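This report refers to the structure that appears directly beneath it.
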Amino acid sequence: MDPPPIHTIICLVCWSFWLFPFCASSGSRLLPDKPLSAGSTITSDDGTFALGFFSPSSSGTKHYYVGIWYKNIPKDNVVWVANRAMPIADPSSATLAFTNGSNLALSDTNGQLLWMTNISAAGNSSSEATGGEATLDNNGNFILRSSQGIILWQSFDYPTDTLLPGMNLRITHKTHALQRLVSWRNTQDPSPGNFSYGAHPAEFLRRFSWNGSTPYWRSPAWNNYLLVGRYVESVKSTIHFTLNTIDDEVYISFGLPEPSVSLVLLKMDYSGKMKLRTWNSNMSKWTDLRSEPKQECNKFGYCGPFGYCDNTQPIVTCKCIDGFEPNNKQDWTAHRFSQGCHRMEALRCGQQDGFLNLPSMKVPHESLHVKNISLDECIAECTSNCSCTAYAFANTSTKDINGDETRCLLWNGDLIDTEKLIGQGQNLYIRVHGLSGTVYCLCFSACVGRYTLYFMGTVELQ
């Protein structure tokens, strides 16, 4: 028996790898008369990204997918998957090709449709959607264009578990659905997993991670349309997050100042952690710049009502807000904090109630947002309502996005998911009564008839 040709041997070796082979390449474009099949890839012009067939399974029954990955990173490199819920059993029978309607379709020889773009849902008319090509850009975006060069569809509009620099994640839902990053099921299964990341439907300035439909982690609220992080030595740069409006919807994105050669991404990991990662070429591995929740204490509602996670201590743990004590001291001692805390002395509205300032806080969940009022008006809103347990106030720079120059947040009832932060956060004012000793607060107020008295600095409460 004659030995197989050398190109066959090379391809067989390539097929043993985690990803499908780079045995053949069709450049950076997919054309109507040249479908993509297993064994071929589309590569971005600068060689950073590749698109093709891959299998994440290292053993056992293998399923195959069409995806985009970092071409020169050997592991954990997939950033987008087309057919997450419809894997391919036999890759030799599948092709990615143009349809007669100028969509892209992934199908097998039996005629089963595994995945397809929907250019009509993207708002393109039939006259625009003719001919064209699909290209893989240097930023990892797979773009379907008409013969006139009009963008009909792009992978950046349909994120899977990863946000790349320059991608937009929709965090409002005026005319379109909210977008979420959805984790893989596990390291060898890119089908939609249990965890997802995106904005809360009622408040786009806060992002959540969910475990199914249950909140798993919550970010601090944004005050600005631009957040610039600290200088990161490993990437020799700062990383910025921005809010921007496109066609009456608000999107979040991130990036690095140009020029930057660092590979950075935001990933909803199958473990439930939201990770900001960079590729360390010297060590050939990903380094997590941030990973949330970082501690058990940072998980949503972990410390229970009126408890908070103190991140400023060497051992991060739950504490009760000043003037509160654990509901179950035995559980608290055993580091079971879910029952939270209760007031040591009941409120008596109008009788020396005051507001204790807790600085550098991640403010609690489920607040009432009162827009465009002053600090004094915010204080009065809470003071005049005996059910108001806390307030927070901030000047914002998001007027162009949500019409709000200031943000007054009010809470009625229990305070859930509060944290003491390091180097960020805002002042949270908790309604208290009858604390003895010295209370350090920015503002203490007491109701006297229709008037509010303010005392600045250190206040002695009798």
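Following the order of the structure tokens, chains are lettered A, B, ..., residues in each are numbered from 1, and ligands are numbered from 1.
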
Please identify all polymer residues within 12 Å of segment 309-315 of chain A, counting only C-alpha atoms, omitting same-chain residues fewer than 4 positions from it, and present them as a PDB file with all heavy atoms, in the first residue's frame.
```pdb
ATOM      1  N   PRO A 293     -17.207  37.765  40.846  1.00  0.00           N
ATOM      2  CA  PRO A 293     -16.857  38.187  42.201  1.00  0.00           C
ATOM      3  C   PRO A 293     -15.498  37.640  42.630  1.00  0.00           C
ATOM      4  O   PRO A 293     -15.178  36.482  42.369  1.00  0.00           O
ATOM      5  CB  PRO A 293     -17.982  37.591  43.048  1.00  0.00           C
ATOM      6  CG  PRO A 293     -18.453  36.409  42.263  1.00  0.00           C
ATOM      7  CD  PRO A 293     -18.310  36.781  40.831  1.00  0.00           C
ATOM      8  N   LYS A 294     -14.739  38.496  43.284  1.00  0.00           N
ATOM      9  CA  LYS A 294     -13.386  38.129  43.693  1.00  0.00           C
ATOM     10  C   LYS A 294     -13.405  37.214  44.903  1.00  0.00           C
ATOM     11  O   LYS A 294     -12.603  36.292  45.015  1.00  0.00           O
ATOM     12  CB  LYS A 294     -12.583  39.403  43.989  1.00  0.00           C
ATOM     13  CG  LYS A 294     -11.104  39.163  44.251  1.00  0.00           C
ATOM     14  CD  LYS A 294     -10.365  40.486  44.425  1.00  0.00           C
ATOM     15  CE  LYS A 294      -8.876  40.263  44.641  1.00  0.00           C
ATOM     16  NZ  LYS A 294      -8.157  41.552  44.813  1.00  0.00           N
ATOM     17  N   GLN A 295     -14.294  37.514  45.846  1.00  0.00           N
ATOM     18  CA  GLN A 295     -14.414  36.744  47.080  1.00  0.00           C
ATOM     19  C   GLN A 295     -15.851  36.254  47.221  1.00  0.00           C
ATOM     20  O   GLN A 295     -16.775  36.763  46.584  1.00  0.00           O
ATOM     21  CB  GLN A 295     -14.067  37.617  48.294  1.00  0.00           C
ATOM     22  CG  GLN A 295     -12.771  38.380  48.201  1.00  0.00           C
ATOM     23  CD  GLN A 295     -11.578  37.546  48.599  1.00  0.00           C
ATOM     24  OE1 GLN A 295     -11.726  36.411  49.051  1.00  0.00           O
ATOM     25  NE2 GLN A 295     -10.380  38.084  48.441  1.00  0.00           N
ATOM     26  N   GLU A 296     -16.055  35.273  48.081  1.00  0.00           N
ATOM     27  CA  GLU A 296     -17.417  34.827  48.391  1.00  0.00           C
ATOM     28  C   GLU A 296     -18.261  35.999  48.858  1.00  0.00           C
ATOM     29  O   GLU A 296     -19.433  36.132  48.520  1.00  0.00           O
ATOM     30  CB  GLU A 296     -17.378  33.752  49.487  1.00  0.00           C
ATOM     31  CG  GLU A 296     -16.921  32.389  49.034  1.00  0.00           C
ATOM     32  CD  GLU A 296     -17.963  31.667  48.197  1.00  0.00           C
ATOM     33  OE1 GLU A 296     -19.106  31.562  48.647  1.00  0.00           O
ATOM     34  OE2 GLU A 296     -17.616  31.222  47.090  1.00  0.00           O
ATOM     35  N   CYS A 297     -17.624  36.863  49.618  1.00  0.00           N
ATOM     36  CA  CYS A 297     -18.290  38.021  50.203  1.00  0.00           C
ATOM     37  C   CYS A 297     -18.845  38.964  49.138  1.00  0.00           C
ATOM     38  O   CYS A 297     -19.797  39.708  49.386  1.00  0.00           O
ATOM     39  CB  CYS A 297     -17.282  38.757  51.081  1.00  0.00           C
ATOM     40  SG  CYS A 297     -17.916  40.070  52.113  1.00  0.00           S
ATOM     41  N   ASN A 298     -18.269  38.933  47.930  1.00  0.00           N
ATOM     42  CA  ASN A 298     -18.688  39.834  46.863  1.00  0.00           C
ATOM     43  C   ASN A 298     -19.879  39.316  46.067  1.00  0.00           C
ATOM     44  O   ASN A 298     -20.405  40.026  45.205  1.00  0.00           O
ATOM     45  CB  ASN A 298     -17.536  40.096  45.898  1.00  0.00           C
ATOM     46  CG  ASN A 298     -16.304  40.646  46.581  1.00  0.00           C
ATOM     47  OD1 ASN A 298     -15.208  40.145  46.387  1.00  0.00           O
ATOM     48  ND2 ASN A 298     -16.464  41.673  47.383  1.00  0.00           N
ATOM     49  N   LYS A 299     -20.315  38.100  46.336  1.00  0.00           N
ATOM     50  CA  LYS A 299     -21.471  37.566  45.635  1.00  0.00           C
ATOM     51  C   LYS A 299     -22.729  38.327  46.045  1.00  0.00           C
ATOM     52  O   LYS A 299     -22.833  38.845  47.155  1.00  0.00           O
ATOM     53  CB  LYS A 299     -21.636  36.073  45.926  1.00  0.00           C
ATOM     54  CG  LYS A 299     -20.542  35.213  45.329  1.00  0.00           C
ATOM     55  CD  LYS A 299     -20.760  33.748  45.637  1.00  0.00           C
ATOM     56  CE  LYS A 299     -19.669  32.887  45.014  1.00  0.00           C
ATOM     57  NZ  LYS A 299     -19.858  31.454  45.327  1.00  0.00           N
ATOM     58  N   PHE A 300     -23.689  38.362  45.142  1.00  0.00           N
ATOM     59  CA  PHE A 300     -24.890  39.168  45.344  1.00  0.00           C
ATOM     60  C   PHE A 300     -25.617  38.760  46.625  1.00  0.00           C
ATOM     61  O   PHE A 300     -25.955  37.590  46.827  1.00  0.00           O
ATOM     62  CB  PHE A 300     -25.832  39.014  44.154  1.00  0.00           C
ATOM     63  CG  PHE A 300     -27.063  39.862  44.257  1.00  0.00           C
ATOM     64  CD1 PHE A 300     -27.051  41.178  43.829  1.00  0.00           C
ATOM     65  CD2 PHE A 300     -28.230  39.360  44.814  1.00  0.00           C
ATOM     66  CE1 PHE A 300     -28.179  41.976  43.932  1.00  0.00           C
ATOM     67  CE2 PHE A 300     -29.362  40.140  44.925  1.00  0.00           C
ATOM     68  CZ  PHE A 300     -29.331  41.457  44.492  1.00  0.00           C
ATOM     69  N   GLY A 301     -25.850  39.771  47.503  1.00  0.00           N
ATOM     70  CA  GLY A 301     -26.637  39.565  48.710  1.00  0.00           C
ATOM     71  C   GLY A 301     -26.014  38.645  49.736  1.00  0.00           C
ATOM     72  O   GLY A 301     -26.698  38.188  50.657  1.00  0.00           O
ATOM     73  N   TYR A 302     -24.707  38.382  49.625  1.00  0.00           N
ATOM     74  CA  TYR A 302     -24.058  37.382  50.470  1.00  0.00           C
ATOM     75  C   TYR A 302     -24.151  37.722  51.955  1.00  0.00           C
ATOM     76  O   TYR A 302     -24.263  36.837  52.801  1.00  0.00           O
ATOM     77  CB  TYR A 302     -22.597  37.242  50.051  1.00  0.00           C
ATOM     78  CG  TYR A 302     -21.835  36.151  50.762  1.00  0.00           C
ATOM     79  CD1 TYR A 302     -21.942  34.821  50.363  1.00  0.00           C
ATOM     80  CD2 TYR A 302     -20.991  36.442  51.837  1.00  0.00           C
ATOM     81  CE1 TYR A 302     -21.243  33.821  51.007  1.00  0.00           C
ATOM     82  CE2 TYR A 302     -20.285  35.441  52.490  1.00  0.00           C
ATOM     83  CZ  TYR A 302     -20.419  34.138  52.070  1.00  0.00           C
ATOM     84  OH  TYR A 302     -19.729  33.146  52.716  1.00  0.00           O
ATOM     85  N   CYS A 303     -24.102  39.007  52.276  1.00  0.00           N
ATOM     86  CA  CYS A 303     -24.083  39.421  53.683  1.00  0.00           C
ATOM     87  C   CYS A 303     -25.475  39.669  54.249  1.00  0.00           C
ATOM     88  O   CYS A 303     -25.608  40.073  55.412  1.00  0.00           O
ATOM     89  CB  CYS A 303     -23.227  40.679  53.853  1.00  0.00           C
ATOM     90  SG  CYS A 303     -21.487  40.429  53.418  1.00  0.00           S
ATOM     91  N   GLY A 304     -26.507  39.444  53.465  1.00  0.00           N
ATOM     92  CA  GLY A 304     -27.868  39.580  53.961  1.00  0.00           C
ATOM     93  C   GLY A 304     -28.302  41.025  54.145  1.00  0.00           C
ATOM     94  O   GLY A 304     -27.538  41.965  53.904  1.00  0.00           O
ATOM     95  N   PRO A 305     -29.551  41.245  54.592  1.00  0.00           N
ATOM     96  CA  PRO A 305     -30.073  42.596  54.798  1.00  0.00           C
ATOM     97  C   PRO A 305     -29.257  43.372  55.837  1.00  0.00           C
ATOM     98  O   PRO A 305     -28.945  42.842  56.911  1.00  0.00           O
ATOM     99  CB  PRO A 305     -31.507  42.366  55.296  1.00  0.00           C
ATOM    100  CG  PRO A 305     -31.848  40.975  54.850  1.00  0.00           C
ATOM    101  CD  PRO A 305     -30.572  40.211  54.864  1.00  0.00           C
ATOM    102  N   LYS A 319     -19.803  42.408  57.560  1.00  0.00           N
ATOM    103  CA  LYS A 319     -20.007  43.147  58.798  1.00  0.00           C
ATOM    104  C   LYS A 319     -21.415  43.720  58.802  1.00  0.00           C
ATOM    105  O   LYS A 319     -22.050  43.854  57.747  1.00  0.00           O
ATOM    106  CB  LYS A 319     -18.988  44.283  58.936  1.00  0.00           C
ATOM    107  CG  LYS A 319     -17.552  43.816  59.091  1.00  0.00           C
ATOM    108  CD  LYS A 319     -16.614  45.005  59.265  1.00  0.00           C
ATOM    109  CE  LYS A 319     -15.173  44.545  59.442  1.00  0.00           C
ATOM    110  NZ  LYS A 319     -14.226  45.687  59.592  1.00  0.00           N
ATOM    111  N   CYS A 320     -21.892  44.065  59.978  1.00  0.00           N
ATOM    112  CA  CYS A 320     -23.156  44.766  60.087  1.00  0.00           C
ATOM    113  C   CYS A 320     -22.905  46.265  60.001  1.00  0.00           C
ATOM    114  O   CYS A 320     -21.877  46.768  60.484  1.00  0.00           O
ATOM    115  CB  CYS A 320     -23.844  44.454  61.429  1.00  0.00           C
ATOM    116  SG  CYS A 320     -24.498  42.775  61.556  1.00  0.00           S
ATOM    117  N   ILE A 321     -23.813  46.989  59.372  1.00  0.00           N
ATOM    118  CA  ILE A 321     -23.743  48.444  59.354  1.00  0.00           C
ATOM    119  C   ILE A 321     -23.784  48.964  60.781  1.00  0.00           C
ATOM    120  O   ILE A 321     -24.422  48.369  61.657  1.00  0.00           O
ATOM    121  CB  ILE A 321     -24.922  49.008  58.528  1.00  0.00           C
ATOM    122  CG1 ILE A 321     -24.755  48.626  57.053  1.00  0.00           C
ATOM    123  CG2 ILE A 321     -25.036  50.509  58.672  1.00  0.00           C
ATOM    124  CD1 ILE A 321     -25.944  48.953  56.200  1.00  0.00           C
ATOM    125  N   PHE A 337     -23.798  34.203  56.710  1.00  0.00           N
ATOM    126  CA  PHE A 337     -24.223  35.597  56.842  1.00  0.00           C
ATOM    127  C   PHE A 337     -25.565  35.921  56.176  1.00  0.00           C
ATOM    128  O   PHE A 337     -26.002  37.068  56.212  1.00  0.00           O
ATOM    129  CB  PHE A 337     -23.158  36.512  56.220  1.00  0.00           C
ATOM    130  CG  PHE A 337     -21.782  36.329  56.792  1.00  0.00           C
ATOM    131  CD1 PHE A 337     -20.784  35.717  56.038  1.00  0.00           C
ATOM    132  CD2 PHE A 337     -21.480  36.751  58.064  1.00  0.00           C
ATOM    133  CE1 PHE A 337     -19.503  35.562  56.551  1.00  0.00           C
ATOM    134  CE2 PHE A 337     -20.197  36.606  58.591  1.00  0.00           C
ATOM    135  CZ  PHE A 337     -19.208  35.991  57.833  1.00  0.00           C
ATOM    136  N   SER A 338     -26.212  34.953  55.585  1.00  0.00           N
ATOM    137  CA  SER A 338     -27.362  35.247  54.721  1.00  0.00           C
ATOM    138  C   SER A 338     -28.537  35.879  55.460  1.00  0.00           C
ATOM    139  O   SER A 338     -29.362  36.574  54.852  1.00  0.00           O
ATOM    140  CB  SER A 338     -27.824  33.971  54.006  1.00  0.00           C
ATOM    141  OG  SER A 338     -28.231  32.983  54.942  1.00  0.00           O
ATOM    142  N   GLY A 340     -28.341  38.193  57.663  1.00  0.00           N
ATOM    143  CA  GLY A 340     -28.088  39.617  57.775  1.00  0.00           C
ATOM    144  C   GLY A 340     -28.189  40.172  59.177  1.00  0.00           C
ATOM    145  O   GLY A 340     -27.959  39.466  60.168  1.00  0.00           O
ATOM    146  N   LEU A 358     -21.616  56.562  55.347  1.00  0.00           N
ATOM    147  CA  LEU A 358     -20.672  55.474  55.096  1.00  0.00           C
ATOM    148  C   LEU A 358     -19.984  55.776  53.770  1.00  0.00           C
ATOM    149  O   LEU A 358     -20.589  55.657  52.703  1.00  0.00           O
ATOM    150  CB  LEU A 358     -21.399  54.131  55.019  1.00  0.00           C
ATOM    151  CG  LEU A 358     -22.238  53.734  56.238  1.00  0.00           C
ATOM    152  CD1 LEU A 358     -22.930  52.401  55.988  1.00  0.00           C
ATOM    153  CD2 LEU A 358     -21.366  53.651  57.480  1.00  0.00           C
ATOM    154  N   PRO A 359     -18.722  56.188  53.782  1.00  0.00           N
ATOM    155  CA  PRO A 359     -18.027  56.563  52.531  1.00  0.00           C
ATOM    156  C   PRO A 359     -17.530  55.348  51.762  1.00  0.00           C
ATOM    157  O   PRO A 359     -17.407  54.247  52.307  1.00  0.00           O
ATOM    158  CB  PRO A 359     -16.860  57.424  53.035  1.00  0.00           C
ATOM    159  CG  PRO A 359     -16.572  56.889  54.405  1.00  0.00           C
ATOM    160  CD  PRO A 359     -17.884  56.437  54.983  1.00  0.00           C
ATOM    161  N   SER A 360     -17.234  55.558  50.488  1.00  0.00           N
ATOM    162  CA  SER A 360     -16.611  54.545  49.617  1.00  0.00           C
ATOM    163  C   SER A 360     -17.412  53.247  49.577  1.00  0.00           C
ATOM    164  O   SER A 360     -16.866  52.149  49.685  1.00  0.00           O
ATOM    165  CB  SER A 360     -15.176  54.253  50.078  1.00  0.00           C
ATOM    166  OG  SER A 360     -14.402  55.413  50.092  1.00  0.00           O
ATOM    167  N   MET A 361     -18.714  53.391  49.374  1.00  0.00           N
ATOM    168  CA  MET A 361     -19.581  52.224  49.381  1.00  0.00           C
ATOM    169  C   MET A 361     -20.088  51.887  47.978  1.00  0.00           C
ATOM    170  O   MET A 361     -20.309  52.763  47.144  1.00  0.00           O
ATOM    171  CB  MET A 361     -20.797  52.457  50.282  1.00  0.00           C
ATOM    172  CG  MET A 361     -20.458  52.775  51.727  1.00  0.00           C
ATOM    173  SD  MET A 361     -19.622  51.429  52.587  1.00  0.00           S
ATOM    174  CE  MET A 361     -20.963  50.241  52.764  1.00  0.00           C
ATOM    175  N   LYS A 362     -20.257  50.602  47.741  1.00  0.00           N
ATOM    176  CA  LYS A 362     -21.115  50.161  46.641  1.00  0.00           C
ATOM    177  C   LYS A 362     -22.524  50.201  47.198  1.00  0.00           C
ATOM    178  O   LYS A 362     -22.858  49.449  48.124  1.00  0.00           O
ATOM    179  CB  LYS A 362     -20.760  48.746  46.176  1.00  0.00           C
ATOM    180  CG  LYS A 362     -21.607  48.279  44.986  1.00  0.00           C
ATOM    181  CD  LYS A 362     -21.244  46.875  44.535  1.00  0.00           C
ATOM    182  CE  LYS A 362     -22.046  45.842  45.287  1.00  0.00           C
ATOM    183  NZ  LYS A 362     -21.868  44.482  44.711  1.00  0.00           N
ATOM    184  N   VAL A 363     -23.335  51.087  46.645  1.00  0.00           N
ATOM    185  CA  VAL A 363     -24.652  51.316  47.241  1.00  0.00           C
ATOM    186  C   VAL A 363     -25.547  50.104  47.015  1.00  0.00           C
ATOM    187  O   VAL A 363     -25.336  49.306  46.095  1.00  0.00           O
ATOM    188  CB  VAL A 363     -25.298  52.596  46.672  1.00  0.00           C
ATOM    189  CG1 VAL A 363     -24.452  53.810  47.017  1.00  0.00           C
ATOM    190  CG2 VAL A 363     -25.505  52.498  45.164  1.00  0.00           C
ATOM    191  N   PRO A 364     -26.581  49.935  47.854  1.00  0.00           N
ATOM    192  CA  PRO A 364     -27.413  48.721  47.800  1.00  0.00           C
ATOM    193  C   PRO A 364     -28.223  48.594  46.508  1.00  0.00           C
ATOM    194  O   PRO A 364     -28.332  49.509  45.699  1.00  0.00           O
ATOM    195  CB  PRO A 364     -28.341  48.882  49.015  1.00  0.00           C
ATOM    196  CG  PRO A 364     -27.689  49.900  49.893  1.00  0.00           C
ATOM    197  CD  PRO A 364     -26.936  50.808  48.985  1.00  0.00           C
ATOM    198  N   ILE A 416     -29.745  45.652  50.620  1.00  0.00           N
ATOM    199  CA  ILE A 416     -29.191  44.378  50.162  1.00  0.00           C
ATOM    200  C   ILE A 416     -27.994  44.623  49.249  1.00  0.00           C
ATOM    201  O   ILE A 416     -28.005  45.526  48.422  1.00  0.00           O
ATOM    202  CB  ILE A 416     -30.254  43.556  49.401  1.00  0.00           C
ATOM    203  CG1 ILE A 416     -31.496  43.324  50.261  1.00  0.00           C
ATOM    204  CG2 ILE A 416     -29.681  42.224  48.916  1.00  0.00           C
ATOM    205  CD1 ILE A 416     -31.276  42.415  51.439  1.00  0.00           C
ATOM    206  N   ASP A 417     -26.973  43.789  49.390  1.00  0.00           N
ATOM    207  CA  ASP A 417     -25.803  43.778  48.504  1.00  0.00           C
ATOM    208  C   ASP A 417     -25.018  45.089  48.572  1.00  0.00           C
ATOM    209  O   ASP A 417     -24.813  45.771  47.576  1.00  0.00           O
ATOM    210  CB  ASP A 417     -26.226  43.488  47.057  1.00  0.00           C
ATOM    211  CG  ASP A 417     -25.036  43.094  46.184  1.00  0.00           C
ATOM    212  OD1 ASP A 417     -24.226  42.278  46.620  1.00  0.00           O
ATOM    213  OD2 ASP A 417     -24.918  43.631  45.063  1.00  0.00           O
ATOM    214  N   THR A 418     -24.554  45.402  49.746  1.00  0.00           N
ATOM    215  CA  THR A 418     -23.754  46.609  49.989  1.00  0.00           C
ATOM    216  C   THR A 418     -22.310  46.203  50.261  1.00  0.00           C
ATOM    217  O   THR A 418     -22.063  45.164  50.873  1.00  0.00           O
ATOM    218  CB  THR A 418     -24.321  47.389  51.194  1.00  0.00           C
ATOM    219  OG1 THR A 418     -25.720  47.585  51.007  1.00  0.00           O
ATOM    220  CG2 THR A 418     -23.648  48.733  51.351  1.00  0.00           C
ATOM    221  N   GLU A 419     -21.369  47.029  49.806  1.00  0.00           N
ATOM    222  CA  GLU A 419     -19.957  46.722  50.022  1.00  0.00           C
ATOM    223  C   GLU A 419     -19.178  47.980  50.382  1.00  0.00           C
ATOM    224  O   GLU A 419     -19.518  49.081  49.939  1.00  0.00           O
ATOM    225  CB  GLU A 419     -19.328  46.097  48.772  1.00  0.00           C
ATOM    226  CG  GLU A 419     -19.874  44.744  48.392  1.00  0.00           C
ATOM    227  CD  GLU A 419     -19.094  44.105  47.257  1.00  0.00           C
ATOM    228  OE1 GLU A 419     -17.857  44.325  47.189  1.00  0.00           O
ATOM    229  OE2 GLU A 419     -19.705  43.390  46.440  1.00  0.00           O
ATOM    230  N   LYS A 420     -18.135  47.808  51.168  1.00  0.00           N
ATOM    231  CA  LYS A 420     -17.137  48.840  51.429  1.00  0.00           C
ATOM    232  C   LYS A 420     -15.996  48.607  50.448  1.00  0.00           C
ATOM    233  O   LYS A 420     -15.377  47.541  50.431  1.00  0.00           O
ATOM    234  CB  LYS A 420     -16.632  48.730  52.873  1.00  0.00           C
ATOM    235  CG  LYS A 420     -15.540  49.724  53.239  1.00  0.00           C
ATOM    236  CD  LYS A 420     -16.093  51.111  53.457  1.00  0.00           C
ATOM    237  CE  LYS A 420     -15.030  52.018  54.063  1.00  0.00           C
ATOM    238  NZ  LYS A 420     -15.520  53.401  54.226  1.00  0.00           N
ATOM    239  N   LEU A 421     -15.711  49.621  49.610  1.00  0.00           N
ATOM    240  CA  LEU A 421     -14.747  49.464  48.524  1.00  0.00           C
ATOM    241  C   LEU A 421     -13.429  50.165  48.829  1.00  0.00           C
ATOM    242  O   LEU A 421     -13.334  50.954  49.776  1.00  0.00           O
ATOM    243  CB  LEU A 421     -15.342  50.022  47.226  1.00  0.00           C
ATOM    244  CG  LEU A 421     -16.686  49.436  46.795  1.00  0.00           C
ATOM    245  CD1 LEU A 421     -17.207  50.150  45.563  1.00  0.00           C
ATOM    246  CD2 LEU A 421     -16.583  47.943  46.538  1.00  0.00           C
ATOM    247  N   ILE A 422     -12.437  49.899  48.004  1.00  0.00           N
ATOM    248  CA  ILE A 422     -11.133  50.538  48.134  1.00  0.00           C
ATOM    249  C   ILE A 422     -10.934  51.461  46.930  1.00  0.00           C
ATOM    250  O   ILE A 422     -10.934  51.012  45.785  1.00  0.00           O
ATOM    251  CB  ILE A 422     -10.004  49.489  48.168  1.00  0.00           C
ATOM    252  CG1 ILE A 422     -10.180  48.551  49.364  1.00  0.00           C
ATOM    253  CG2 ILE A 422      -8.639  50.175  48.235  1.00  0.00           C
ATOM    254  CD1 ILE A 422      -9.180  47.401  49.374  1.00  0.00           C
ATOM    255  N   GLY A 423     -10.797  52.754  47.177  1.00  0.00           N
ATOM    256  CA  GLY A 423     -10.482  53.706  46.122  1.00  0.00           C
ATOM    257  C   GLY A 423     -11.611  54.009  45.167  1.00  0.00           C
ATOM    258  O   GLY A 423     -11.373  54.588  44.104  1.00  0.00           O
ATOM    259  N   GLN A 424     -12.824  53.631  45.474  1.00  0.00           N
ATOM    260  CA  GLN A 424     -13.970  53.953  44.626  1.00  0.00           C
ATOM    261  C   GLN A 424     -15.228  53.923  45.479  1.00  0.00           C
ATOM    262  O   GLN A 424     -15.151  53.903  46.708  1.00  0.00           O
ATOM    263  CB  GLN A 424     -14.078  52.955  43.471  1.00  0.00           C
ATOM    264  CG  GLN A 424     -14.147  51.498  43.897  1.00  0.00           C
ATOM    265  CD  GLN A 424     -14.266  50.566  42.720  1.00  0.00           C
ATOM    266  OE1 GLN A 424     -15.006  50.822  41.782  1.00  0.00           O
ATOM    267  NE2 GLN A 424     -13.534  49.454  42.749  1.00  0.00           N
ATOM    268  N   GLY A 425     -16.378  53.964  44.840  1.00  0.00           N
ATOM    269  CA  GLY A 425     -17.628  53.970  45.593  1.00  0.00           C
ATOM    270  C   GLY A 425     -18.100  55.382  45.885  1.00  0.00           C
ATOM    271  O   GLY A 425     -17.508  56.371  45.450  1.00  0.00           O
TER     272      GLY A 425
END
```

Residues near Ile430 of chain A, cut-off 6 Å, only C-alpha atoms, skip fewer than 4 positions along chain, as a PyMOL selection string
chain A and resi 355-356+390

Could you give me, as a PyMOL selection string, the residues within 7 Å of Thr160 of chain A, counting only C-alpha atoms and dropping anything in the same chain fewer than 6 positions from it?
chain A and resi 80-81+181-182

Write the residues you've just listed into a file as a CSV table (one decimal), in the first residue's frame, and include N, CA and C atoms for each of them.
```csv
chain,number,residue,atom,x,y,z
A,80,TRP,N,-15.7,33.8,19.7
A,80,TRP,CA,-17.0,33.9,19.1
A,80,TRP,C,-17.4,32.6,18.5
A,81,VAL,N,-18.6,32.1,18.7
A,81,VAL,CA,-19.1,30.8,18.2
A,81,VAL,C,-20.4,31.1,17.5
A,181,LEU,N,-23.5,38.7,27.6
A,181,LEU,CA,-22.5,37.7,27.4
A,181,LEU,C,-23.0,36.5,28.1
A,182,VAL,N,-23.0,35.3,27.4
A,182,VAL,CA,-23.4,34.1,28.0
A,182,VAL,C,-22.3,33.1,28.0
```

Excluding Met274 of chain A and its own-chain neighbours fewer than 6 positions away, which residues fall within 7 Å of it when counting only C-alpha atoms? Please give them as a PyMOL selection string.
chain A and resi 267-268+291-292

Can you work out which one of A:Val432, A:Ile73, A:Val316, A:Leu36 has the shortest atom-to-atom distance to Phe98 of chain A, counting only C-alpha atoms?
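Counting only C-alpha atoms, the residue closest to Phe98 of chain A is A:Leu36.
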
Which residues are close to Trp115 of chain A, i.e. within 10 Å by only C-alpha atoms, leaving aside same-chain residues fewer than 5 positions away? Reply as a list in words.
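Returned residues: Val66, Ala82, Asn83, Arg84, Ala85, Met86, Pro87, Leu96, Leu104, Ala105, Leu106 and Ser107 of chain A.
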
Picked from segment 251-458 of chain A by DSSP as alpha helix (DSSP H), as a list of chain:residue names:
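The alpha helix (DSSP H) residues within segment 251-458 of chain A come out as A:Lys329, A:Gln330, A:Asp331, A:Trp332, A:Thr333, A:Leu375, A:Asp376, A:Glu377, A:Cys378, A:Ile379, A:Ala380, A:Glu381, A:Cys382, A:Thr383, A:Lys399, A:Asp400, A:Ile401, A:Asn402.
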
Pick out the closest residue to Thr43 of chain A from this set: A:Thr317, A:Thr61, A:Thr135, A:Gln112. Count only C-alpha atoms.
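Of the candidates, the smallest distance to Thr43 of chain A is held by A:Thr135.
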
Give the strand (DSSP E or B) residues of segment 252-446 of chain A, as DSSP finds them on the backbone, and put them as number ranges by chain.
A: 252-255, 264-268, 274-280, 285-292, 307-310, 317-320, 324-326, 341-343, 353-362, 368-371, 388-398, 404-412, 418-420, 426-433, 437-446

Residues at most 12 Å from Asp189 of chain A, counting only C-alpha atoms, excluding those fewer than 3 positions away in the same chain, as a PyMOL selection string?
chain A and resi 54-58+61-65+78+81+83-87+183-186+192-193+270

Output of the above residues as a compact mmCIF listing (two decimals), in the first residue's frame, restricted to C-alpha atoms:
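Output below, filename selection.txt:
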```
# COMPACT_ATOMS: atom_id res chain seq x y z
CA PHE A 54 -13.07 23.75 15.48
CA SER A 55 -13.76 21.21 18.20
CA PRO A 56 -13.07 22.10 21.85
CA SER A 57 -13.32 18.44 22.93
CA SER A 58 -10.00 16.78 23.69
CA THR A 61 -17.41 12.22 21.29
CA LYS A 62 -16.44 15.36 19.44
CA HIS A 63 -18.74 18.15 18.36
CA TYR A 64 -17.67 20.79 15.88
CA TYR A 65 -18.43 24.47 15.60
CA VAL A 78 -12.05 31.19 20.99
CA VAL A 81 -19.08 30.85 18.16
CA ASN A 83 -23.65 27.49 16.10
CA ARG A 84 -23.46 27.27 19.89
CA ALA A 85 -26.72 25.36 20.28
CA MET A 86 -26.40 23.27 17.08
CA PRO A 87 -23.05 21.46 16.98
CA SER A 183 -20.83 31.66 29.34
CA TRP A 184 -19.87 28.33 27.84
CA ARG A 185 -21.31 25.29 29.61
CA ASN A 186 -17.77 24.11 30.40
CA PRO A 192 -24.97 28.44 26.32
CA GLY A 193 -24.08 27.91 29.99
CA TYR A 270 -18.26 29.25 32.80
```
